[in-house]
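Data block for coords.pdb (PDB, C-alpha atoms):
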ATOM      1  CA  MET L   1     -57.047 -43.182 -40.638
ATOM      2  CA  THR L   2     -58.147 -39.549 -40.698
ATOM      3  CA  VAL L   3     -55.221 -37.148 -40.890
ATOM      4  CA  PRO L   4     -55.750 -34.288 -38.406
ATOM      5  CA  ALA L   5     -55.935 -30.803 -39.850
ATOM      6  CA  PRO L   6     -52.958 -28.600 -38.994
ATOM      7  CA  HIS L   7     -53.283 -26.188 -36.113
ATOM      8  CA  HIS L   8     -53.243 -22.691 -37.618
ATOM      9  CA  VAL L   9     -50.961 -20.209 -35.856
ATOM     10  CA  ALA L  10     -51.016 -16.507 -36.728
ATOM     11  CA  VAL L  11     -48.045 -14.442 -35.543
ATOM     12  CA  LEU L  12     -48.881 -10.746 -35.494
ATOM     13  CA  ALA L  13     -46.050  -8.281 -36.117
ATOM     14  CA  LEU L  14     -46.473  -4.616 -35.125
ATOM     15  CA  ALA L  15     -43.757  -2.209 -36.275
ATOM     16  CA  PRO L  16     -41.045  -2.099 -35.209
ATOM     17  CA  VAL L  17     -41.241  -5.772 -34.303
ATOM     18  CA  VAL L  18     -38.638  -7.685 -32.291
ATOM     19  CA  ALA L  19     -37.160 -10.027 -34.903
ATOM     20  CA  PHE L  20     -36.086 -12.633 -32.354
ATOM     21  CA  ASP L  21     -39.646 -13.001 -31.058
ATOM     22  CA  LEU L  22     -41.010 -13.150 -34.578
ATOM     23  CA  SER L  23     -38.747 -16.037 -35.559
ATOM     24  CA  ILE L  24     -39.327 -18.314 -32.574
ATOM     25  CA  PRO L  25     -42.859 -19.648 -33.281
ATOM     26  CA  ALA L  26     -41.926 -20.656 -36.820
ATOM     27  CA  GLN L  27     -38.693 -22.265 -35.652
ATOM     28  CA  MET L  28     -40.170 -24.210 -32.745
ATOM     29  CA  LEU L  29     -43.737 -25.038 -33.784
ATOM     30  CA  ALA L  30     -43.077 -25.815 -37.438
ATOM     31  CA  MET L  31     -40.752 -28.674 -36.422
ATOM     32  CA  VAL L  32     -43.666 -30.731 -35.106
ATOM     33  CA  GLU L  33     -45.036 -33.236 -37.618
ATOM     34  CA  THR L  34     -47.650 -35.965 -37.547
ATOM     35  CA  ARG L  35     -46.542 -39.542 -38.029
ATOM     36  CA  ALA L  36     -47.840 -39.208 -41.574
ATOM     37  CA  GLY L  37     -45.235 -36.510 -42.216
ATOM     38  CA  LYS L  38     -47.721 -33.646 -42.241
ATOM     39  CA  THR L  39     -47.072 -30.446 -40.351
ATOM     40  CA  ALA L  40     -48.882 -30.249 -37.021
ATOM     41  CA  TYR L  41     -48.765 -26.436 -36.983
ATOM     42  CA  ARG L  42     -49.131 -24.080 -39.923
ATOM     43  CA  VAL L  43     -47.445 -20.815 -38.909
ATOM     44  CA  ARG L  44     -48.102 -17.565 -40.795
ATOM     45  CA  THR L  45     -46.755 -14.090 -40.066
ATOM     46  CA  LEU L  46     -49.265 -11.248 -40.351
ATOM     47  CA  SER L  47     -49.130  -7.468 -40.183
ATOM     48  CA  PRO L  48     -52.115  -5.119 -39.756
ATOM     49  CA  ASP L  49     -52.236  -4.217 -43.465
ATOM     50  CA  GLY L  50     -50.221  -7.073 -44.953
ATOM     51  CA  LEU L  51     -47.316  -4.767 -45.799
ATOM     52  CA  PRO L  52     -43.647  -5.336 -44.882
ATOM     53  CA  VAL L  53     -42.791  -4.610 -41.247
ATOM     54  CA  PRO L  54     -39.506  -3.065 -40.059
ATOM     55  CA  THR L  55     -37.758  -4.792 -37.180
ATOM     56  CA  VAL L  56     -35.791  -3.247 -34.344
ATOM     57  CA  ASN L  57     -32.795  -5.120 -35.739
ATOM     58  CA  GLY L  58     -32.380  -3.083 -38.912
ATOM     59  CA  TYR L  59     -34.153  -5.151 -41.569
ATOM     60  CA  GLY L  60     -37.703  -5.653 -42.755
ATOM     61  CA  VAL L  61     -39.968  -8.698 -42.771
ATOM     62  CA  THR L  62     -42.505  -9.527 -45.460
ATOM     63  CA  PRO L  63     -45.663 -10.998 -43.881
ATOM     64  CA  GLN L  64     -47.953 -13.594 -45.416
ATOM     65  CA  GLY L  65     -51.208 -11.767 -44.772
ATOM     66  CA  ASP L  66     -53.107  -9.078 -42.916
ATOM     67  CA  LEU L  67     -55.500  -8.996 -39.953
ATOM     68  CA  SER L  68     -58.057 -11.095 -41.795
ATOM     69  CA  GLY L  69     -55.719 -14.040 -41.193
ATOM     70  CA  LEU L  70     -56.623 -13.951 -37.494
ATOM     71  CA  GLU L  71     -60.099 -15.199 -38.376
ATOM     72  CA  ARG L  72     -58.729 -18.634 -39.336
ATOM     73  CA  ALA L  73     -56.228 -18.943 -36.498
ATOM     74  CA  ASP L  74     -56.425 -21.513 -33.710
ATOM     75  CA  THR L  75     -53.619 -19.725 -31.868
ATOM     76  CA  VAL L  76     -52.748 -16.033 -32.190
ATOM     77  CA  ILE L  77     -49.261 -14.964 -31.087
ATOM     78  CA  VAL L  78     -48.374 -11.279 -30.709
ATOM     79  CA  ALA L  79     -44.634 -10.765 -31.084
ATOM     80  CA  GLY L  80     -42.736  -8.202 -29.039
ATOM     81  CA  THR L  81     -42.792  -4.642 -30.352
ATOM     82  CA  ARG L  82     -41.079  -1.333 -29.652
ATOM     83  CA  CYS L  83     -43.988   0.727 -30.993
ATOM     84  CA  PRO L  84     -43.945   4.030 -29.014
ATOM     85  CA  GLU L  85     -47.724   4.400 -29.081
ATOM     86  CA  VAL L  86     -48.068   1.001 -27.440
ATOM     87  CA  LEU L  87     -45.186   1.091 -24.962
ATOM     88  CA  GLU L  88     -45.433   4.734 -23.952
ATOM     89  CA  GLY L  89     -49.089   5.536 -24.530
ATOM     90  CA  GLY L  90     -50.745   2.171 -23.908
ATOM     91  CA  ALA L  91     -52.690   2.534 -27.168
ATOM     92  CA  VAL L  92     -53.056   0.187 -30.125
ATOM     93  CA  ASP L  93     -54.640   0.666 -33.538
ATOM     94  CA  ALA L  94     -58.410   0.189 -33.252
ATOM     95  CA  ARG L  95     -58.405  -2.366 -36.076
ATOM     96  CA  VAL L  96     -55.802  -4.465 -34.261
ATOM     97  CA  ALA L  97     -57.695  -4.274 -30.965
ATOM     98  CA  GLU L  98     -60.966  -5.273 -32.627
ATOM     99  CA  ALA L  99     -59.366  -8.198 -34.463
ATOM    100  CA  LEU L 100     -57.715  -9.490 -31.291
ATOM    101  CA  ARG L 101     -60.930  -9.205 -29.290
ATOM    102  CA  ALA L 102     -62.791 -11.122 -32.002
ATOM    103  CA  ALA L 103     -60.099 -13.817 -31.984
ATOM    104  CA  ARG L 104     -60.391 -14.185 -28.206
ATOM    105  CA  SER L 105     -63.661 -16.106 -28.511
ATOM    106  CA  ARG L 106     -62.271 -18.827 -30.757
ATOM    107  CA  ALA L 107     -58.468 -18.888 -30.466
ATOM    108  CA  ARG L 108     -55.739 -19.283 -27.873
ATOM    109  CA  LEU L 109     -54.057 -15.905 -27.376
ATOM    110  CA  VAL L 110     -50.329 -15.646 -26.718
ATOM    111  CA  SER L 111     -47.914 -12.737 -26.351
ATOM    112  CA  LEU L 112     -44.133 -12.752 -26.390
ATOM    113  CA  CYS L 113     -42.167 -10.142 -24.433
ATOM    114  CA  THR L 114     -43.761  -6.684 -24.913
ATOM    115  CA  GLY L 115     -46.542  -8.203 -27.002
ATOM    116  CA  SER L 116     -48.382  -8.211 -23.674
ATOM    117  CA  PHE L 117     -48.701  -4.420 -24.005
ATOM    118  CA  VAL L 118     -50.714  -4.991 -27.190
ATOM    119  CA  LEU L 119     -53.072  -7.469 -25.526
ATOM    120  CA  ALA L 120     -53.469  -5.151 -22.534
ATOM    121  CA  ALA L 121     -54.139  -2.141 -24.763
ATOM    122  CA  ALA L 122     -56.865  -4.173 -26.477
ATOM    123  CA  GLY L 123     -58.485  -4.712 -23.063
ATOM    124  CA  LEU L 124     -57.831  -8.457 -23.037
ATOM    125  CA  LEU L 125     -55.744  -8.694 -19.864
ATOM    126  CA  GLU L 126     -57.806  -6.533 -17.512
ATOM    127  CA  GLY L 127     -58.559  -8.273 -14.238
ATOM    128  CA  GLY L 128     -56.153 -11.096 -15.049
ATOM    129  CA  ARG L 129     -52.546 -12.049 -14.502
ATOM    130  CA  ALA L 130     -49.804 -11.511 -17.079
ATOM    131  CA  ALA L 131     -46.052 -11.398 -17.680
ATOM    132  CA  THR L 132     -43.785  -9.120 -19.682
ATOM    133  CA  HIS L 133     -40.090  -8.290 -19.904
ATOM    134  CA  TRP L 134     -38.856  -7.182 -16.470
ATOM    135  CA  ARG L 135     -37.289  -4.031 -17.926
ATOM    136  CA  TYR L 136     -40.724  -2.783 -19.014
ATOM    137  CA  ALA L 137     -42.566  -3.765 -15.826
ATOM    138  CA  GLN L 138     -42.788  -0.248 -14.393
ATOM    139  CA  GLN L 139     -44.198   1.119 -17.661
ATOM    140  CA  PHE L 140     -46.683  -1.738 -17.882
ATOM    141  CA  ARG L 141     -47.986  -1.198 -14.362
ATOM    142  CA  ARG L 142     -48.347   2.536 -14.962
ATOM    143  CA  LEU L 143     -50.298   2.039 -18.177
ATOM    144  CA  PHE L 144     -52.379  -0.972 -17.133
ATOM    145  CA  PRO L 145     -53.001  -0.883 -13.367
ATOM    146  CA  ALA L 146     -55.974  -3.259 -13.686
ATOM    147  CA  VAL L 147     -53.677  -6.090 -14.838
ATOM    148  CA  ASP L 148     -51.931  -8.226 -12.228
ATOM    149  CA  LEU L 149     -48.390  -8.134 -13.637
ATOM    150  CA  ASP L 150     -46.167 -10.937 -12.352
ATOM    151  CA  THR L 151     -42.489 -10.259 -13.065
ATOM    152  CA  ASN L 152     -41.269 -13.559 -11.654
ATOM    153  CA  PRO L 153     -42.334 -16.363 -14.057
ATOM    154  CA  LEU L 154     -40.912 -16.972 -17.498
ATOM    155  CA  TYR L 155     -44.503 -17.164 -18.714
ATOM    156  CA  VAL L 156     -48.015 -16.942 -17.300
ATOM    157  CA  ALA L 157     -51.158 -18.820 -18.359
ATOM    158  CA  ASP L 158     -54.369 -17.190 -17.185
ATOM    159  CA  ARG L 159     -57.925 -17.572 -18.486
ATOM    160  CA  GLY L 160     -56.771 -19.035 -21.776
ATOM    161  CA  ILE L 161     -54.263 -16.257 -22.488
ATOM    162  CA  LEU L 162     -50.528 -16.931 -22.255
ATOM    163  CA  THR L 163     -47.923 -14.190 -21.866
ATOM    164  CA  SER L 164     -44.159 -14.542 -21.681
ATOM    165  CA  ALA L 165     -41.293 -12.583 -20.214
ATOM    166  CA  GLY L 166     -38.604 -11.194 -22.497
ATOM    167  CA  GLY L 167     -35.984 -12.724 -24.762
ATOM    168  CA  ALA L 168     -35.533 -16.476 -24.534
ATOM    169  CA  ALA L 169     -38.684 -16.834 -22.406
ATOM    170  CA  ALA L 170     -40.493 -16.876 -25.768
ATOM    171  CA  ILE L 171     -38.766 -20.204 -26.414
ATOM    172  CA  ASP L 172     -39.968 -21.514 -23.056
ATOM    173  CA  LEU L 173     -43.533 -20.502 -23.848
ATOM    174  CA  CYS L 174     -43.502 -22.048 -27.325
ATOM    175  CA  LEU L 175     -42.215 -25.308 -25.834
ATOM    176  CA  HIS L 176     -45.037 -25.074 -23.308
ATOM    177  CA  LEU L 177     -47.559 -24.777 -26.156
ATOM    178  CA  ILE L 178     -46.136 -27.904 -27.795
ATOM    179  CA  ARG L 179     -46.151 -29.719 -24.450
ATOM    180  CA  GLU L 180     -49.741 -28.631 -23.827
ATOM    181  CA  ASP L 181     -50.884 -29.806 -27.283
ATOM    182  CA  HIS L 182     -48.784 -32.931 -27.833
ATOM    183  CA  GLY L 183     -47.085 -33.909 -24.579
ATOM    184  CA  SER L 184     -43.647 -33.583 -23.047
ATOM    185  CA  ALA L 185     -41.931 -36.203 -25.222
ATOM    186  CA  VAL L 186     -42.528 -34.182 -28.394
ATOM    187  CA  ALA L 187     -41.619 -30.887 -26.688
ATOM    188  CA  ASN L 188     -38.429 -32.465 -25.369
ATOM    189  CA  ARG L 189     -37.386 -33.572 -28.849
ATOM    190  CA  VAL L 190     -37.942 -30.074 -30.226
ATOM    191  CA  ALA L 191     -35.923 -28.639 -27.335
ATOM    192  CA  ARG L 192     -33.126 -31.143 -27.877
ATOM    193  CA  TYR L 193     -32.822 -30.327 -31.569
ATOM    194  CA  ASN L 194     -32.696 -26.595 -30.799
ATOM    195  CA  VAL L 195     -30.153 -27.224 -28.001
ATOM    196  CA  VAL L 196     -32.259 -25.594 -25.288
ATOM    197  CA  ALA L 197     -33.559 -26.848 -21.950
ATOM    198  CA  PRO L 198     -37.022 -28.469 -22.186
ATOM    199  CA  VAL L 199     -37.996 -26.763 -18.925
ATOM    200  CA  ARG L 200     -35.856 -24.043 -17.385
ATOM    201  CA  ASP L 201     -35.455 -23.525 -13.666
ATOM    202  CA  GLY L 202     -37.271 -20.691 -11.978
ATOM    203  CA  GLY L 203     -38.382 -17.407 -13.456
ATOM    204  CA  GLN L 204     -37.048 -14.195 -14.879
ATOM    205  CA  ALA L 205     -36.267 -12.855 -11.412
ATOM    206  CA  GLN L 206     -32.904 -14.554 -11.805
ATOM    207  CA  PHE L 207     -32.112 -12.269 -14.749
ATOM    208  CA  VAL L 208     -33.112  -8.931 -13.223
ATOM    209  CA  GLU L 209     -30.153  -6.648 -12.629
ATOM    210  CA  HIS L 210     -29.557  -6.808  -8.898
ATOM    211  CA  PRO L 211     -26.094  -7.323  -7.439
ATOM    212  CA  VAL L 212     -25.302 -10.242  -5.177
ATOM    213  CA  ARG L 213     -23.015  -8.619  -2.662
ATOM    214  CA  GLU L 214     -21.894 -11.549  -0.553
ATOM    215  CA  ASP L 215     -20.846 -15.114  -1.290
ATOM    216  CA  ALA L 216     -20.813 -14.093  -4.968
ATOM    217  CA  GLY L 217     -18.830 -17.180  -5.942
ATOM    218  CA  THR L 218     -21.372 -19.680  -4.641
ATOM    219  CA  SER L 219     -24.398 -21.259  -6.317
ATOM    220  CA  THR L 220     -27.342 -23.453  -5.396
ATOM    221  CA  ALA L 221     -27.021 -25.475  -8.614
ATOM    222  CA  ARG L 222     -25.653 -28.470  -6.666
ATOM    223  CA  ALA L 223     -28.790 -28.545  -4.538
ATOM    224  CA  ARG L 224     -31.027 -28.423  -7.601
ATOM    225  CA  ALA L 225     -29.104 -31.291  -9.144
ATOM    226  CA  LEU L 226     -29.469 -33.288  -5.915
ATOM    227  CA  MET L 227     -33.222 -32.663  -5.799
ATOM    228  CA  SER L 228     -33.630 -33.570  -9.488
ATOM    229  CA  GLU L 229     -31.786 -36.859  -9.030
ATOM    230  CA  HIS L 230     -33.746 -37.799  -5.899
ATOM    231  CA  LEU L 231     -37.256 -36.428  -6.388
ATOM    232  CA  GLU L 232     -38.671 -39.141  -4.137
ATOM    233  CA  ARG L 233     -36.494 -38.162  -1.154
ATOM    234  CA  ARG L 234     -37.442 -35.716   1.567
ATOM    235  CA  LEU L 235     -34.535 -33.308   1.806
ATOM    236  CA  SER L 236     -34.647 -30.624   4.469
ATOM    237  CA  LEU L 237     -33.464 -27.054   3.957
ATOM    238  CA  GLY L 238     -30.589 -27.938   6.264
ATOM    239  CA  ASP L 239     -29.583 -30.875   4.029
ATOM    240  CA  LEU L 240     -29.710 -28.729   0.894
ATOM    241  CA  ALA L 241     -27.844 -25.820   2.470
ATOM    242  CA  ALA L 242     -25.132 -28.137   3.771
ATOM    243  CA  HIS L 243     -24.779 -29.685   0.320
ATOM    244  CA  CYS L 244     -23.930 -26.197  -0.983
ATOM    245  CA  HIS L 245     -21.777 -25.332   2.053
ATOM    246  CA  MET L 246     -24.096 -22.483   3.082
ATOM    247  CA  SER L 247     -26.174 -21.527   6.056
ATOM    248  CA  VAL L 248     -29.922 -22.110   5.656
ATOM    249  CA  ARG L 249     -30.531 -18.361   5.556
ATOM    250  CA  THR L 250     -27.949 -17.733   2.826
ATOM    251  CA  PHE L 251     -29.059 -20.789   0.857
ATOM    252  CA  THR L 252     -32.719 -19.766   0.899
ATOM    253  CA  ARG L 253     -31.930 -16.215  -0.199
ATOM    254  CA  ARG L 254     -29.508 -17.333  -2.906
ATOM    255  CA  PHE L 255     -31.882 -19.997  -4.236
ATOM    256  CA  ARG L 256     -34.612 -17.415  -4.791
ATOM    257  CA  GLN L 257     -32.137 -15.003  -6.401
ATOM    258  CA  GLU L 258     -30.992 -17.677  -8.832
ATOM    259  CA  THR L 259     -34.336 -19.280  -9.690
ATOM    260  CA  GLY L 260     -37.045 -16.812  -8.690
ATOM    261  CA  LEU L 261     -38.659 -19.571  -6.588
ATOM    262  CA  SER L 262     -38.408 -20.955  -3.087
ATOM    263  CA  PRO L 263     -36.744 -24.389  -2.797
ATOM    264  CA  ALA L 264     -40.130 -25.961  -1.980
ATOM    265  CA  ALA L 265     -41.868 -24.393  -4.993
ATOM    266  CA  TRP L 266     -39.021 -25.389  -7.318
ATOM    267  CA  LEU L 267     -39.103 -28.969  -6.070
ATOM    268  CA  THR L 268     -42.876 -29.235  -6.477
ATOM    269  CA  SER L 269     -42.602 -28.006 -10.057
ATOM    270  CA  ALA L 270     -39.855 -30.545 -10.843
ATOM    271  CA  ARG L 271     -41.869 -33.366  -9.279
ATOM    272  CA  LEU L 272     -44.992 -32.424 -11.227
ATOM    273  CA  GLU L 273     -43.036 -32.328 -14.489
ATOM    274  CA  HIS L 274     -41.705 -35.843 -13.811
ATOM    275  CA  ALA L 275     -45.202 -37.070 -12.958
ATOM    276  CA  ARG L 276     -46.483 -35.734 -16.288
ATOM    277  CA  HIS L 277     -43.713 -37.576 -18.114
ATOM    278  CA  LEU L 278     -44.620 -40.835 -16.354
ATOM    279  CA  LEU L 279     -48.312 -40.384 -17.130
ATOM    280  CA  GLU L 280     -47.493 -39.995 -20.811
ATOM    281  CA  SER L 281     -44.872 -42.697 -21.162
ATOM    282  CA  THR L 282     -45.849 -45.515 -18.752
ATOM    283  CA  GLU L 283     -48.845 -47.571 -17.643
ATOM    284  CA  LEU L 284     -48.015 -47.089 -13.947
ATOM    285  CA  ALA L 285     -50.910 -46.548 -11.552
ATOM    286  CA  VAL L 286     -51.464 -42.985 -10.358
ATOM    287  CA  ASP L 287     -50.389 -43.856  -6.799
ATOM    288  CA  ASP L 288     -47.145 -45.397  -8.088
ATOM    289  CA  ILE L 289     -46.424 -42.336 -10.222
ATOM    290  CA  ALA L 290     -47.044 -40.054  -7.273
ATOM    291  CA  ALA L 291     -44.620 -42.074  -5.160
ATOM    292  CA  ARG L 292     -41.897 -42.106  -7.854
ATOM    293  CA  ALA L 293     -42.269 -38.366  -8.398
ATOM    294  CA  GLY L 294     -42.013 -37.640  -4.692
ATOM    295  CA  LEU L 295     -45.595 -36.372  -4.384
ATOM    296  CA  GLY L 296     -46.591 -39.016  -1.862
ATOM    297  CA  SER L 297     -50.056 -40.181  -2.827
ATOM    298  CA  GLY L 298     -52.386 -40.131  -5.771
ATOM    299  CA  THR L 299     -54.522 -37.669  -3.844
ATOM    300  CA  ASN L 300     -51.612 -35.232  -3.621
ATOM    301  CA  LEU L 301     -50.828 -35.652  -7.320
ATOM    302  CA  ARG L 302     -54.453 -34.972  -8.221
ATOM    303  CA  GLN L 303     -54.456 -31.835  -6.104
ATOM    304  CA  HIS L 304     -51.243 -30.485  -7.655
ATOM    305  CA  MET L 305     -52.416 -31.226 -11.187
ATOM    306  CA  ARG L 306     -55.756 -29.579 -10.524
ATOM    307  CA  GLU L 307     -54.051 -26.456  -9.169
ATOM    308  CA  ALA L 308     -51.328 -26.213 -11.801
ATOM    309  CA  LEU L 309     -53.008 -27.624 -14.928
ATOM    310  CA  ASP L 310     -56.739 -27.647 -14.155
ATOM    311  CA  THR L 311     -56.962 -31.348 -14.960
ATOM    312  CA  THR L 312     -56.647 -34.770 -13.324
ATOM    313  CA  PRO L 313     -53.979 -37.451 -13.857
ATOM    314  CA  SER L 314     -56.435 -39.749 -15.631
ATOM    315  CA  ALA L 315     -57.742 -36.977 -17.889
ATOM    316  CA  TYR L 316     -54.196 -35.864 -18.693
ATOM    317  CA  ARG L 317     -53.115 -39.403 -19.583
ATOM    318  CA  ARG L 318     -56.252 -39.997 -21.640
ATOM    319  CA  ALA L 319     -55.760 -36.778 -23.608
ATOM    320  CA  PHE L 320     -52.189 -37.526 -24.610
ATOM    321  CA  ARG L 321     -52.745 -41.239 -25.223
ATOM    322  CA  SER L 322     -55.732 -40.591 -27.507
ATOM    323  CA  SER L 323     -54.466 -37.566 -29.440
ATOM    324  CA  PRO L 324     -52.937 -38.030 -32.925
ATOM    325  CA  ALA L 325     -49.358 -39.239 -32.696
ATOM    326  CA  VAL L 326     -46.897 -36.526 -33.553
ATOM    327  CA  SER L 327     -43.160 -36.155 -33.489
ATOM    328  CA  ALA L 328     -40.484 -33.565 -33.926
ATOM    329  CA  ALA L 329     -39.452 -33.427 -37.547
ATOM    330  CA  GLU L 330     -36.110 -34.884 -38.556
ATOM    331  CA  PRO L 331     -33.405 -32.198 -38.811
ATOM    332  CA  VAL L 332     -33.445 -32.283 -42.625
ATOM    333  CA  ARG L 333     -37.093 -31.250 -42.563
ATOM    334  CA  ALA L 334     -36.832 -28.742 -39.719
ATOM    335  CA  VAL L 335     -37.733 -25.150 -40.494
TER
END
Could the structure of this file be written out as structure tokens, please?
Amino acid sequence: MTVPAPHHVAVLALAPVVAFDLSIPAQMLAMVETRAGKTAYRVRTLSPDGLPVPTVNGYGVTPQGDLSGLERADTVIVAGTRCPEVLEGGAVDARVAEALRAARSRARLVSLCTGSFVLAAAGLLEGGRAATHWRYAQQFRRLFPAVDLDTNPLYVADRGILTSAGGAAAIDLCLHLIREDHGSAVANRVARYNVVAPVRDGGQAQFVEHPVREDAGTSTARARALMSEHLERRLSLGDLAAHCHMSVRTFTRRFRQETGLSPAAWLTSARLEHARHLLESTELAVDDIAARAGLGSGTNLRQHMREALDTTPSAYRRAFRSSPAVSAAEPVRAV
């Protein structure tokens, strides 16, 4: 059997780099191994000139290469940075911009947190949709008005470029990359080992600093648990609000504050995630999967998958059933 070549990931660090962002790809992606015990991702940290890079956290990082490493990358990840020229002036070194634009034609581009400023400064996000840390949203919009900045999701995938919100959203995006490449079962094992949620509710709107002035002691978590346990059921807003002992108006407002999504959008996302799991792990017919996931019919499932993933249930199942078997590495081999 032919052993698949590792997927090369280049993580670009611009000084001063956010150390947390820089560490996440190596931690999450390097855990994935083929059944033969070979690494599925080879992760290398790069800097523009190959020299050590200071972090915002008070220590330096020694990279494994310079910009030439982008030429061999299948995925390029730009870590968050606090570089004043980038964040305040919207400018990036011409060599970096040129290297990223060249990589665009052959590699998947990803940014974590304020790494989106670097991609935007290189002209790669213009006319598209992107995410960044909510605290830097006003600066981003001022510098890059031609980019459709969405401050709600934890990450955005648009035209082959993926951008994440701040902080732990980088973990969510890296899990998404694993899920996209190898399926939800592998991503779930990586998440479990790192003691994080495989898929988090809602978006970063729930973390923006805005006070909740009334009913501050209440939560819609009970309704989300009810929906998750009964994806196939049709629960009205009235049912969900009553389950949380709220009026429909208060429940709807609070749900969006806590998750960044409407109840209907959250439920659709949860149902689609369950349908993907069933496609990967069972031989059930598409209509049966749609019914179990609460999406009604195979036609509805196809429509949701086309809109959300640009694929069909049969194509999705075929891709993950025919791809090389991989697994999350055992803890003793985890990086």
Practice item. Could you tell me which residues the PyMOL selection byres ((chain L and resi 114) around 12) returns for this structure, as a count of residues only? Key: 47
Practice item. Quote the spacing between CA of Ala10 (chain L) and CA of Arg44 (chain L) in Å to one decimal place. Key: 5.1 Å
**Study point:** Test item: the PyMOL selection byres ((chain L and resi 195-199) around 9) resolved as a PyMOL selection string
**Key:** chain L and resi 171-172+175-176+184+187-194+200-201+273
Practice item. Identify which of the residues L:Val92, L:Ala73, L:Ala107, L:Ala36 lies closest to His8 (chain L), counting only C-alpha atoms when measuring atom-to-atom distances. Key: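 Of L:Val92, L:Ala73, L:Ala107, L:Ala36, the one nearest His8 (chain L) is L:Ala73, counting only C-alpha atoms.
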Exercise for review: Would you list the residues near (-56.3, -6.1, -14.8), meaning any protein, DNA or RNA residue with an atom at most 8 Å from that point in file coordinates, counting only C-alpha atoms, as a list in words?
Suggested key: Leu125, Glu126, Gly127, Gly128, Arg129, Phe144, Pro145, Ala146, Val147 and Asp148 of chain L
Check your understanding: Hey, which of L:Leu240, L:Ile161, L:Leu226, L:Ala26 ends up closest to Arg101 (chain L)? Count only C-alpha atoms.
Key ->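 When distances to Arg101 (chain L) are compared using only C-alpha atoms, the smallest one comes from L:Ile161.
Across the structure, CA of Ser68 (chain L) and CA of Pro48 (chain L) are spaced 8.7 Å apart.
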Identify the residues around (-29.0, -18.5, -2.6) within a radius of 10 Å, measuring from only C-alpha atoms in the coordinates stated by the file, and give them as a CSV table (one decimal) with C-alpha atoms, in the coordinates of the input.
chain,number,residue,atom,x,y,z
L,212,VAL,CA,-25.3,-10.2,-5.2
L,215,ASP,CA,-20.8,-15.1,-1.3
L,216,ALA,CA,-20.8,-14.1,-5.0
L,218,THR,CA,-21.4,-19.7,-4.6
L,219,SER,CA,-24.4,-21.3,-6.3
L,220,THR,CA,-27.3,-23.5,-5.4
L,221,ALA,CA,-27.0,-25.5,-8.6
L,241,ALA,CA,-27.8,-25.8,2.5
L,244,CYS,CA,-23.9,-26.2,-1.0
L,246,MET,CA,-24.1,-22.5,3.1
L,247,SER,CA,-26.2,-21.5,6.1
L,248,VAL,CA,-29.9,-22.1,5.7
L,249,ARG,CA,-30.5,-18.4,5.6
L,250,THR,CA,-27.9,-17.7,2.8
L,251,PHE,CA,-29.1,-20.8,0.9
L,252,THR,CA,-32.7,-19.8,0.9
L,253,ARG,CA,-31.9,-16.2,-0.2
L,254,ARG,CA,-29.5,-17.3,-2.9
L,255,PHE,CA,-31.9,-20.0,-4.2
L,256,ARG,CA,-34.6,-17.4,-4.8
L,257,GLN,CA,-32.1,-15.0,-6.4
L,258,GLU,CA,-31.0,-17.7,-8.8
L,259,THR,CA,-34.3,-19.3,-9.7
L,262,SER,CA,-38.4,-21.0,-3.1
L,263,PRO,CA,-36.7,-24.4,-2.8
Practice item. Between CA of Cys174 (chain L) and CA of Leu272 (chain L), measure the distance and give it in Å to one decimal. Key: 19.2 Å
Point to revise | Top pick for closest residue to Gly50 (chain L), considering L:Arg234, L:Asp288, L:Glu85, L:Leu12 and counting all atoms listed in the file | key: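 Distance minimum relative to Gly50 (chain L) lands on L:Leu12.
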Box for region 32-51 of chain L - axis-aligned, 8 Å on each of the six sides, all listed atoms - centre and size in Å to one decimal, as JSON.
{"center_x": -48.0, "center_y": -21.9, "center_z": -40.5, "size_x": 24.6, "size_y": 51.3, "size_z": 26.7}
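Selection check: the PyMOL selection byres ((chain L and resi 27-30) around 9) on the shown file gives Val9, Ser23, Ile24, Pro25, Ala26, Met31, Val32, Glu33, Thr39, Ala40, Tyr41, Arg42, Val43, Ile171, Cys174, Leu175, Leu177, Ile178, Val190, Ala191, Asn194, Ala328, Ala329, Ala334 and Val335 of chain L.
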Review point. In terms of the shortest atom-to-atom distance over only C-alpha atoms, which of L:Arg35, L:Arg317, L:His7, L:His245 is closest to Thr75 (chain L)?
Key: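 Selected residue with least distance to Thr75 (chain L): L:His7.
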Take region 180-185 of chain L, bring it up to N, CA and C atoms, and give me the output as a PDB file, keeping the file's coordinate frame.
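So the final result, stored in rebuild.pdb, reads:
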ATOM      1  N   GLU L 180     -48.316 -28.679 -24.128  1.00  0.00           N
ATOM      2  CA  GLU L 180     -49.741 -28.631 -23.827  1.00  0.00           C
ATOM      3  C   GLU L 180     -50.554 -29.353 -24.908  1.00  0.00           C
ATOM      4  N   ASP L 181     -50.147 -29.220 -26.173  1.00  0.00           N
ATOM      5  CA  ASP L 181     -50.884 -29.806 -27.283  1.00  0.00           C
ATOM      6  C   ASP L 181     -50.532 -31.261 -27.546  1.00  0.00           C
ATOM      7  N   HIS L 182     -49.249 -31.625 -27.376  1.00  0.00           N
ATOM      8  CA  HIS L 182     -48.784 -32.931 -27.833  1.00  0.00           C
ATOM      9  C   HIS L 182     -47.979 -33.717 -26.808  1.00  0.00           C
ATOM     10  N   GLY L 183     -47.780 -33.169 -25.619  1.00  0.00           N
ATOM     11  CA  GLY L 183     -47.085 -33.909 -24.579  1.00  0.00           C
ATOM     12  C   GLY L 183     -45.606 -33.570 -24.466  1.00  0.00           C
ATOM     13  N   SER L 184     -45.022 -33.981 -23.351  1.00  0.00           N
ATOM     14  CA  SER L 184     -43.647 -33.583 -23.047  1.00  0.00           C
ATOM     15  C   SER L 184     -42.619 -34.277 -23.932  1.00  0.00           C
ATOM     16  N   ALA L 185     -42.914 -35.501 -24.405  1.00  0.00           N
ATOM     17  CA  ALA L 185     -41.931 -36.203 -25.222  1.00  0.00           C
ATOM     18  C   ALA L 185     -41.650 -35.442 -26.520  1.00  0.00           C
TER      19      ALA L 185
END
